[in-house]
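Colleague: Have a look at this one before I ask anything.
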Amino acid sequence: MDVTLEKSLPLKGEIEIPADKSITHRAFMFSALAKGVSRIKNYSLGADCMSTLEIIKQLGCEVDFTDTGILTVNAKNALTAPKSSLNCGNSGTTTRLIAGILAGQKFNSKLYGDESLSKRPMKRVITPLELMGAKLIHNDYKLPIEINGSSLHGINYNSALSSAQVKSCILLAGLNAEGETIYTEPYKSRNHTELMLEYMGADLKVNKNSVVIKKSELSPIDITIPGDISSAAFFMAAALIVPDSDIVLKNVGINETRSGIIDVIKAMNGDIELINERLVSNEKTADIRIKYSDLKALTIEGEIIPRLIDELPVITVIASQAKGTTIIKNAGDLRNKEADRITAVTKEMKKLGADIEETSDGFIINGKQSLKGGCEIECYHDHRIAMSAYISGLICESPIKINNFQWVDISFPEFLTIIKKLTVL
Ligand code: S3P
């Protein structure tokens, strides 16, 4: 599906942000490990989370979409051997987390994915899993991966990456391993796994950037999932750059391991206000009011990078409208996402008229630059590049056409309906 859009009028109104993708993956997978029935309210309908849901069904869980909007997962007694290979689709989170779960099972399984996922690096989880005693068969550390279930033992692992997918994989393997598993990362990545496992009764302790986990049984959960700050980020960006905008985003998860975008917006002089802060199922949540702002550039680097890793494509759009030079550093892992987001974003933003250069681990963006548009944009099979392009299109002088916009369905199938609510006065 191709989408054409033109310069927007101010964004006004109030919208509800759909459920967090990272938390939904975890709610589905961890329910599959708990004996009994878990109840999940407000889950993501994105294709990635549906890949996880299909996999837990293949592993023997009974899943029911009730009429009250609550999804129930009945994990019965234990996971059972799947009858066929498990399709992770486009989802890195599904692959890496489920690998940690499957490595310590009493049965064998096989993971595969789409073309983009099959190119993504899996050594980051294969190496520590093998150190725990996992038996994995693969070609050059890529999917497809055969997992021969084996008994695992704990390790003390110092990761070179600040990656929540790697951390979660090892913690999940540790949940079913003999002895203690200690995982340490350079900067703290998103901690939804730790929060949810604690909520479900796992024997887990967090000390700064280290987590210690021991073999534990999980109790079923009754969880309400907050809105996804990574989805809200597109609307935050739109409000900041479309003149006279003033919007409210309701029900946004603001866990501090995810809220780097809010810190960046404040530092750029953005007019943003958190309202009605509350705790929803162990996760901080708020409503956010955000308005068009006179933005200034900044440098984004170091510990904040994992706290806003998925927002960097749309942050380049915001930076193109900020006075001065924005420098983004230490974000080399963006090259290993659904696409090489450094090269892809730079190429497409340049087409629109932005003054942006790629570096080995980030971007240099000079603003404030008027975006001319009047061109066709590619989204590289990448949902976040597609939505970032759409947000730039709202301020382009001439209409833009975004090819293959259907990739938004990976994380945010409701995107077009919601943005249209804000842009129709
Ligand atoms: C995710 C972790 C991040 C993020 C991804 C979701 C998660 O990936 O980019 O969209 O749910 O754990 P990395 O762990 O590779 O940084």
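Letters for chains follow the order of the structure tokens (A, B, ...), residue numbers begin at 1 for each chain, and ligand numbers begin at 1 in the order shown.
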Could you write out, as a CSV table (one decimal) with C-alpha atoms, in the first residue's frame, all the residues of segment 127-260 of chain A that DSSP marks as strand (DSSP E or B)?
Modeller:
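Once written, selection-v7.csv looks like this:
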chain,number,residue,atom,x,y,z
A,135,LYS,CA,22.7,-26.8,21.8
A,136,LEU,CA,22.0,-24.6,18.8
A,137,ILE,CA,22.5,-25.4,15.1
A,138,HIS,CA,22.7,-22.5,12.7
A,139,ASN,CA,24.6,-21.2,9.7
A,142,LYS,CA,21.7,-16.3,11.5
A,143,LEU,CA,18.1,-17.7,11.3
A,144,PRO,CA,17.0,-20.5,10.8
A,145,ILE,CA,18.2,-21.8,14.1
A,146,GLU,CA,17.6,-25.4,15.4
A,147,ILE,CA,17.4,-25.6,19.2
A,148,ASN,CA,18.1,-28.9,20.7
A,152,LEU,CA,21.2,-25.3,31.3
A,153,HIS,CA,23.5,-23.9,34.0
A,156,ASN,CA,28.0,-14.7,35.0
A,157,TYR,CA,27.9,-12.7,31.7
A,158,ASN,CA,29.2,-9.2,31.0
A,177,ALA,CA,18.9,-23.1,34.6
A,178,GLU,CA,20.7,-24.7,37.6
A,180,GLU,CA,22.5,-18.5,39.5
A,181,THR,CA,22.6,-16.4,36.3
A,182,ILE,CA,24.1,-12.9,36.5
A,183,TYR,CA,23.7,-10.6,33.5
A,184,THR,CA,25.5,-7.2,33.4
A,203,ASP,CA,13.6,-15.0,42.2
A,204,LEU,CA,15.3,-12.0,40.7
A,205,LYS,CA,17.4,-9.1,42.0
A,206,VAL,CA,18.5,-5.9,40.2
A,207,ASN,CA,21.6,-4.0,41.2
A,210,SER,CA,23.2,-6.2,36.8
A,211,VAL,CA,20.4,-8.7,37.2
A,212,VAL,CA,20.7,-11.9,39.2
A,213,ILE,CA,18.1,-14.6,38.5
A,214,LYS,CA,17.6,-18.1,39.9
A,218,LEU,CA,6.0,-18.1,37.7
A,222,ASP,CA,-3.5,-10.3,35.4
A,223,ILE,CA,-2.0,-7.4,33.5
A,224,THR,CA,-3.1,-4.2,31.8
A,227,GLY,CA,0.4,2.6,25.7
A,246,ASP,CA,-1.5,21.2,20.7
A,247,ILE,CA,-2.4,17.6,21.5
A,248,VAL,CA,-2.9,15.2,24.4
A,249,LEU,CA,-1.6,11.6,24.2
A,250,LYS,CA,-3.4,9.4,26.7
A,251,ASN,CA,-2.1,6.4,28.5
A,252,VAL,CA,1.6,6.4,27.6
A,253,GLY,CA,4.1,4.1,29.3
Colleague: Within 9 Å of segment 196-202 of chain A, counting only C-alpha atoms, which residues qualify if same-chain residues fewer than 2 places away don't, as an mmCIF file with all heavy atoms, in the first residue's frame?
Modeller:
data_model
loop_
_atom_site.group_PDB
_atom_site.id
_atom_site.type_symbol
_atom_site.label_atom_id
_atom_site.label_comp_id
_atom_site.auth_asym_id
_atom_site.auth_seq_id
_atom_site.Cartn_x
_atom_site.Cartn_y
_atom_site.Cartn_z
ATOM 1 N N ILE A 23 6.069 -4.830 25.929
ATOM 2 C CA ILE A 23 5.408 -5.420 27.106
ATOM 3 C C ILE A 23 4.441 -6.516 26.657
ATOM 4 O O ILE A 23 4.306 -7.553 27.309
ATOM 5 C CB ILE A 23 4.700 -4.326 27.949
ATOM 6 C CG1 ILE A 23 5.722 -3.259 28.376
ATOM 7 C CG2 ILE A 23 4.024 -4.933 29.169
ATOM 8 C CD1 ILE A 23 5.132 -2.090 29.180
ATOM 9 N N ARG A 26 6.227 -9.758 26.063
ATOM 10 C CA ARG A 26 6.598 -10.395 27.336
ATOM 11 C C ARG A 26 5.373 -10.984 28.026
ATOM 12 O O ARG A 26 5.432 -12.082 28.582
ATOM 13 C CB ARG A 26 7.316 -9.378 28.226
ATOM 14 C CG ARG A 26 8.757 -9.124 27.692
ATOM 15 C CD ARG A 26 9.291 -7.792 28.157
ATOM 16 N NE ARG A 26 10.696 -7.588 27.796
ATOM 17 C CZ ARG A 26 11.131 -7.151 26.603
ATOM 18 N NH1 ARG A 26 10.279 -6.898 25.613
ATOM 19 N NH2 ARG A 26 12.423 -6.993 26.368
ATOM 20 N N ALA A 27 4.247 -10.256 27.995
ATOM 21 C CA ALA A 27 3.040 -10.777 28.654
ATOM 22 C C ALA A 27 2.635 -12.111 28.009
ATOM 23 O O ALA A 27 2.303 -13.076 28.699
ATOM 24 C CB ALA A 27 1.915 -9.758 28.557
ATOM 25 N N PHE A 30 5.597 -14.817 28.868
ATOM 26 C CA PHE A 30 5.747 -15.196 30.273
ATOM 27 C C PHE A 30 4.493 -15.906 30.770
ATOM 28 O O PHE A 30 4.574 -16.781 31.620
ATOM 29 C CB PHE A 30 6.078 -13.989 31.159
ATOM 30 C CG PHE A 30 7.328 -13.216 30.745
ATOM 31 C CD1 PHE A 30 7.711 -12.074 31.437
ATOM 32 C CD2 PHE A 30 8.120 -13.623 29.683
ATOM 33 C CE1 PHE A 30 8.844 -11.356 31.072
ATOM 34 C CE2 PHE A 30 9.253 -12.909 29.301
ATOM 35 C CZ PHE A 30 9.614 -11.770 29.997
ATOM 36 N N ALA A 34 3.770 -19.747 32.930
ATOM 37 C CA ALA A 34 3.121 -19.811 34.244
ATOM 38 C C ALA A 34 2.045 -20.888 34.207
ATOM 39 O O ALA A 34 1.318 -20.998 33.230
ATOM 40 C CB ALA A 34 2.496 -18.461 34.561
ATOM 41 N N LEU A 175 15.997 -18.572 34.139
ATOM 42 C CA LEU A 175 14.807 -18.946 34.901
ATOM 43 C C LEU A 175 14.658 -20.467 34.971
ATOM 44 O O LEU A 175 13.984 -21.006 35.836
ATOM 45 C CB LEU A 175 13.599 -18.342 34.164
ATOM 46 C CG LEU A 175 12.264 -18.205 34.818
ATOM 47 C CD1 LEU A 175 12.351 -17.280 36.033
ATOM 48 C CD2 LEU A 175 11.264 -17.614 33.805
ATOM 49 N N ASN A 191 13.645 -2.373 30.967
ATOM 50 C CA ASN A 191 13.615 -3.377 32.042
ATOM 51 C C ASN A 191 12.246 -4.039 32.210
ATOM 52 O O ASN A 191 11.900 -4.459 33.305
ATOM 53 C CB ASN A 191 14.071 -2.744 33.368
ATOM 54 C CG ASN A 191 13.100 -1.656 33.840
ATOM 55 O OD1 ASN A 191 12.162 -1.309 33.133
ATOM 56 N ND2 ASN A 191 13.324 -1.141 35.034
ATOM 57 N N HIS A 192 11.468 -4.122 31.129
ATOM 58 C CA HIS A 192 10.130 -4.728 31.257
ATOM 59 C C HIS A 192 10.207 -6.190 31.698
ATOM 60 O O HIS A 192 9.346 -6.678 32.409
ATOM 61 C CB HIS A 192 9.367 -4.648 29.936
ATOM 62 C CG HIS A 192 9.283 -3.272 29.364
ATOM 63 N ND1 HIS A 192 8.721 -2.222 30.041
ATOM 64 C CD2 HIS A 192 9.718 -2.756 28.177
ATOM 65 C CE1 HIS A 192 8.799 -1.128 29.295
ATOM 66 N NE2 HIS A 192 9.398 -1.432 28.162
ATOM 67 N N THR A 193 11.256 -6.895 31.247
ATOM 68 C CA THR A 193 11.388 -8.310 31.628
ATOM 69 C C THR A 193 11.561 -8.428 33.139
ATOM 70 O O THR A 193 10.874 -9.227 33.798
ATOM 71 C CB THR A 193 12.595 -8.932 30.893
ATOM 72 O OG1 THR A 193 12.280 -8.940 29.506
ATOM 73 C CG2 THR A 193 12.893 -10.348 31.358
ATOM 74 N N GLU A 194 12.465 -7.609 33.690
ATOM 75 C CA GLU A 194 12.713 -7.678 35.129
ATOM 76 C C GLU A 194 11.427 -7.349 35.891
ATOM 77 O O GLU A 194 11.058 -8.035 36.842
ATOM 78 C CB GLU A 194 13.804 -6.671 35.536
ATOM 79 C CG GLU A 194 15.186 -6.939 34.940
ATOM 80 C CD GLU A 194 15.394 -6.232 33.603
ATOM 81 O OE1 GLU A 194 14.588 -6.459 32.675
ATOM 82 O OE2 GLU A 194 16.378 -5.487 33.470
ATOM 83 N N LEU A 204 14.502 -12.876 41.514
ATOM 84 C CA LEU A 204 15.325 -11.987 40.670
ATOM 85 C C LEU A 204 15.707 -10.742 41.460
ATOM 86 O O LEU A 204 14.901 -10.205 42.206
ATOM 87 C CB LEU A 204 14.450 -11.646 39.464
ATOM 88 C CG LEU A 204 14.842 -10.567 38.478
ATOM 89 C CD1 LEU A 204 14.314 -10.958 37.095
ATOM 90 C CD2 LEU A 204 14.249 -9.218 38.829
ATOM 91 N N LYS A 205 16.982 -10.340 41.301
ATOM 92 C CA LYS A 205 17.415 -9.108 41.992
ATOM 93 C C LYS A 205 18.136 -8.208 41.012
ATOM 94 O O LYS A 205 18.929 -8.684 40.187
ATOM 95 C CB LYS A 205 18.370 -9.456 43.138
ATOM 96 C CG LYS A 205 17.629 -10.029 44.304
ATOM 97 C CD LYS A 205 18.397 -10.043 45.609
ATOM 98 C CE LYS A 205 17.544 -10.686 46.690
ATOM 99 N NZ LYS A 205 16.961 -11.996 46.290
ATOM 100 N N ILE A 213 19.338 -13.834 38.524
ATOM 101 C CA ILE A 213 18.091 -14.625 38.497
ATOM 102 C C ILE A 213 18.397 -16.072 38.853
ATOM 103 O O ILE A 213 19.474 -16.586 38.521
ATOM 104 C CB ILE A 213 17.380 -14.505 37.120
ATOM 105 C CG1 ILE A 213 15.952 -15.022 37.221
ATOM 106 C CG2 ILE A 213 18.145 -15.208 36.016
ATOM 107 C CD1 ILE A 213 15.068 -14.590 36.065
ATOM 108 N N LYS A 214 17.451 -16.706 39.580
ATOM 109 C CA LYS A 214 17.593 -18.136 39.900
ATOM 110 C C LYS A 214 16.372 -18.867 39.379
ATOM 111 O O LYS A 214 15.313 -18.260 39.194
ATOM 112 C CB LYS A 214 17.668 -18.320 41.412
ATOM 113 C CG LYS A 214 18.951 -17.789 42.004
ATOM 114 C CD LYS A 214 19.019 -18.163 43.476
ATOM 115 C CE LYS A 214 20.113 -17.360 44.152
ATOM 116 N NZ LYS A 214 19.838 -17.082 45.531
ATOM 117 N N LYS A 215 16.537 -20.178 39.204
ATOM 118 C CA LYS A 215 15.434 -21.020 38.723
ATOM 119 C C LYS A 215 14.161 -20.709 39.529
ATOM 120 O O LYS A 215 14.214 -20.691 40.761
ATOM 121 C CB LYS A 215 15.832 -22.478 38.959
ATOM 122 C CG LYS A 215 15.043 -23.458 38.189
ATOM 123 C CD LYS A 215 15.665 -24.839 38.309
ATOM 124 C CE LYS A 215 14.955 -25.749 37.349
ATOM 125 N NZ LYS A 215 15.811 -26.671 36.684
ATOM 126 N N SER A 216 13.069 -20.420 38.858
ATOM 127 C CA SER A 216 11.840 -20.078 39.587
ATOM 128 C C SER A 216 10.615 -20.533 38.815
ATOM 129 O O SER A 216 10.651 -20.702 37.598
ATOM 130 C CB SER A 216 11.689 -18.563 39.754
ATOM 131 O OG SER A 216 12.891 -17.879 39.875
ATOM 132 N N GLU A 217 9.533 -20.693 39.588
ATOM 133 C CA GLU A 217 8.207 -20.949 39.001
ATOM 134 C C GLU A 217 7.505 -19.599 38.885
ATOM 135 O O GLU A 217 7.638 -18.760 39.784
ATOM 136 C CB GLU A 217 7.370 -21.803 39.959
ATOM 137 C CG GLU A 217 7.919 -23.182 40.243
ATOM 138 C CD GLU A 217 7.491 -24.166 39.178
ATOM 139 O OE1 GLU A 217 6.300 -24.165 38.840
ATOM 140 O OE2 GLU A 217 8.361 -24.909 38.671
ATOM 141 N N LEU A 218 6.732 -19.387 37.831
ATOM 142 C CA LEU A 218 5.995 -18.127 37.691
ATOM 143 C C LEU A 218 4.518 -18.334 38.000
ATOM 144 O O LEU A 218 3.951 -19.380 37.654
ATOM 145 C CB LEU A 218 6.128 -17.586 36.268
ATOM 146 C CG LEU A 218 7.539 -17.269 35.762
ATOM 147 C CD1 LEU A 218 7.468 -16.708 34.354
ATOM 148 C CD2 LEU A 218 8.253 -16.293 36.697
ATOM 149 N N SER A 219 3.901 -17.313 38.627
ATOM 150 C CA SER A 219 2.443 -17.357 38.826
ATOM 151 C C SER A 219 1.794 -16.644 37.650
ATOM 152 O O SER A 219 2.363 -15.686 37.118
ATOM 153 C CB SER A 219 2.036 -16.595 40.077
ATOM 154 O OG SER A 219 2.852 -16.962 41.133
ATOM 155 N N PRO A 220 0.574 -17.064 37.273
ATOM 156 C CA PRO A 220 -0.104 -16.387 36.151
ATOM 157 C C PRO A 220 -0.304 -14.899 36.442
ATOM 158 O O PRO A 220 -0.351 -14.507 37.606
ATOM 159 C CB PRO A 220 -1.458 -17.079 36.070
ATOM 160 C CG PRO A 220 -1.365 -18.286 36.913
ATOM 161 C CD PRO A 220 -0.234 -18.124 37.865
ATOM 162 N N ILE A 221 -0.416 -14.072 35.384
ATOM 163 C CA ILE A 221 -0.602 -12.633 35.608
ATOM 164 C C ILE A 221 -1.986 -12.172 35.191
ATOM 165 O O ILE A 221 -2.605 -12.733 34.291
ATOM 166 C CB ILE A 221 0.362 -11.728 34.799
ATOM 167 C CG1 ILE A 221 0.751 -12.355 33.470
ATOM 168 C CG2 ILE A 221 1.486 -11.203 35.612
ATOM 169 C CD1 ILE A 221 1.397 -11.382 32.540
ATOM 170 N N SER A 281 0.011 -1.877 36.433
ATOM 171 C CA SER A 281 0.655 -3.200 36.438
ATOM 172 C C SER A 281 2.177 -3.090 36.546
ATOM 173 O O SER A 281 2.896 -3.641 35.699
ATOM 174 C CB SER A 281 0.271 -4.010 35.191
ATOM 175 O OG SER A 281 -1.108 -4.052 35.008
ATOM 176 N N ASN A 282 2.645 -2.341 37.526
ATOM 177 C CA ASN A 282 4.087 -2.196 37.787
ATOM 178 C C ASN A 282 4.820 -1.312 36.772
ATOM 179 O O ASN A 282 6.039 -1.255 36.773
ATOM 180 C CB ASN A 282 4.766 -3.588 37.835
ATOM 181 C CG ASN A 282 5.695 -3.725 39.021
ATOM 182 O OD1 ASN A 282 5.667 -2.898 39.929
ATOM 183 N ND2 ASN A 282 6.538 -4.756 39.006
#
Colleague: In terms of the shortest atom-to-atom distance over only C-alpha atoms, which of A:Leu33, A:Ser259, A:Ala47, A:Ile300 is closest to Gly60 of chain A?
Modeller: A:Leu33
Colleague: Ala99 of chain A: which residues within 8 Å, counting only C-alpha atoms, same-chain residues fewer than 3 positions away excluded, as a list in words?
Modeller: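 Here the qualifying residues turn out to be Thr95, Arg96, Leu102, Ala103, Ile147 and Cys169 of chain A.
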Colleague: Can I get the selection written as a PDB file, in the first residue's frame, with N, CA and C atoms?
Modeller:
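So the final result, stored in out_22.pdb, reads:
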ATOM      1  N   THR A  95      12.193 -13.670  18.306  1.00  0.00           N
ATOM      2  CA  THR A  95      13.275 -14.636  18.086  1.00  0.00           C
ATOM      3  C   THR A  95      14.188 -14.742  19.301  1.00  0.00           C
ATOM      4  N   ARG A  96      14.643 -13.569  19.776  1.00  0.00           N
ATOM      5  CA  ARG A  96      15.694 -13.624  20.792  1.00  0.00           C
ATOM      6  C   ARG A  96      15.133 -14.050  22.149  1.00  0.00           C
ATOM      7  N   LEU A 102      13.306 -21.564  24.826  1.00  0.00           N
ATOM      8  CA  LEU A 102      13.334 -22.900  24.220  1.00  0.00           C
ATOM      9  C   LEU A 102      14.630 -23.655  24.505  1.00  0.00           C
ATOM     10  N   ALA A 103      15.715 -22.917  24.730  1.00  0.00           N
ATOM     11  CA  ALA A 103      17.028 -23.572  24.906  1.00  0.00           C
ATOM     12  C   ALA A 103      17.001 -24.587  26.042  1.00  0.00           C
ATOM     13  N   ILE A 147      17.053 -25.594  17.726  1.00  0.00           N
ATOM     14  CA  ILE A 147      17.352 -25.576  19.164  1.00  0.00           C
ATOM     15  C   ILE A 147      17.111 -26.982  19.710  1.00  0.00           C
ATOM     16  N   CYS A 169      16.694 -12.644  26.867  1.00  0.00           N
ATOM     17  CA  CYS A 169      16.972 -14.016  26.441  1.00  0.00           C
ATOM     18  C   CYS A 169      17.717 -14.760  27.546  1.00  0.00           C
TER      19      CYS A 169
END
Colleague: Would you list the residues that come within 10 Å of ligand 1? Count only C-alpha atoms and all ligand atoms and give the answer as number ranges by chain.
Modeller: A: 20-26, 91-94, 96-97, 120-121, 124, 161-169, 189-193, 230, 258, 305-311, 331, 333-334, 336-338, 384, 411
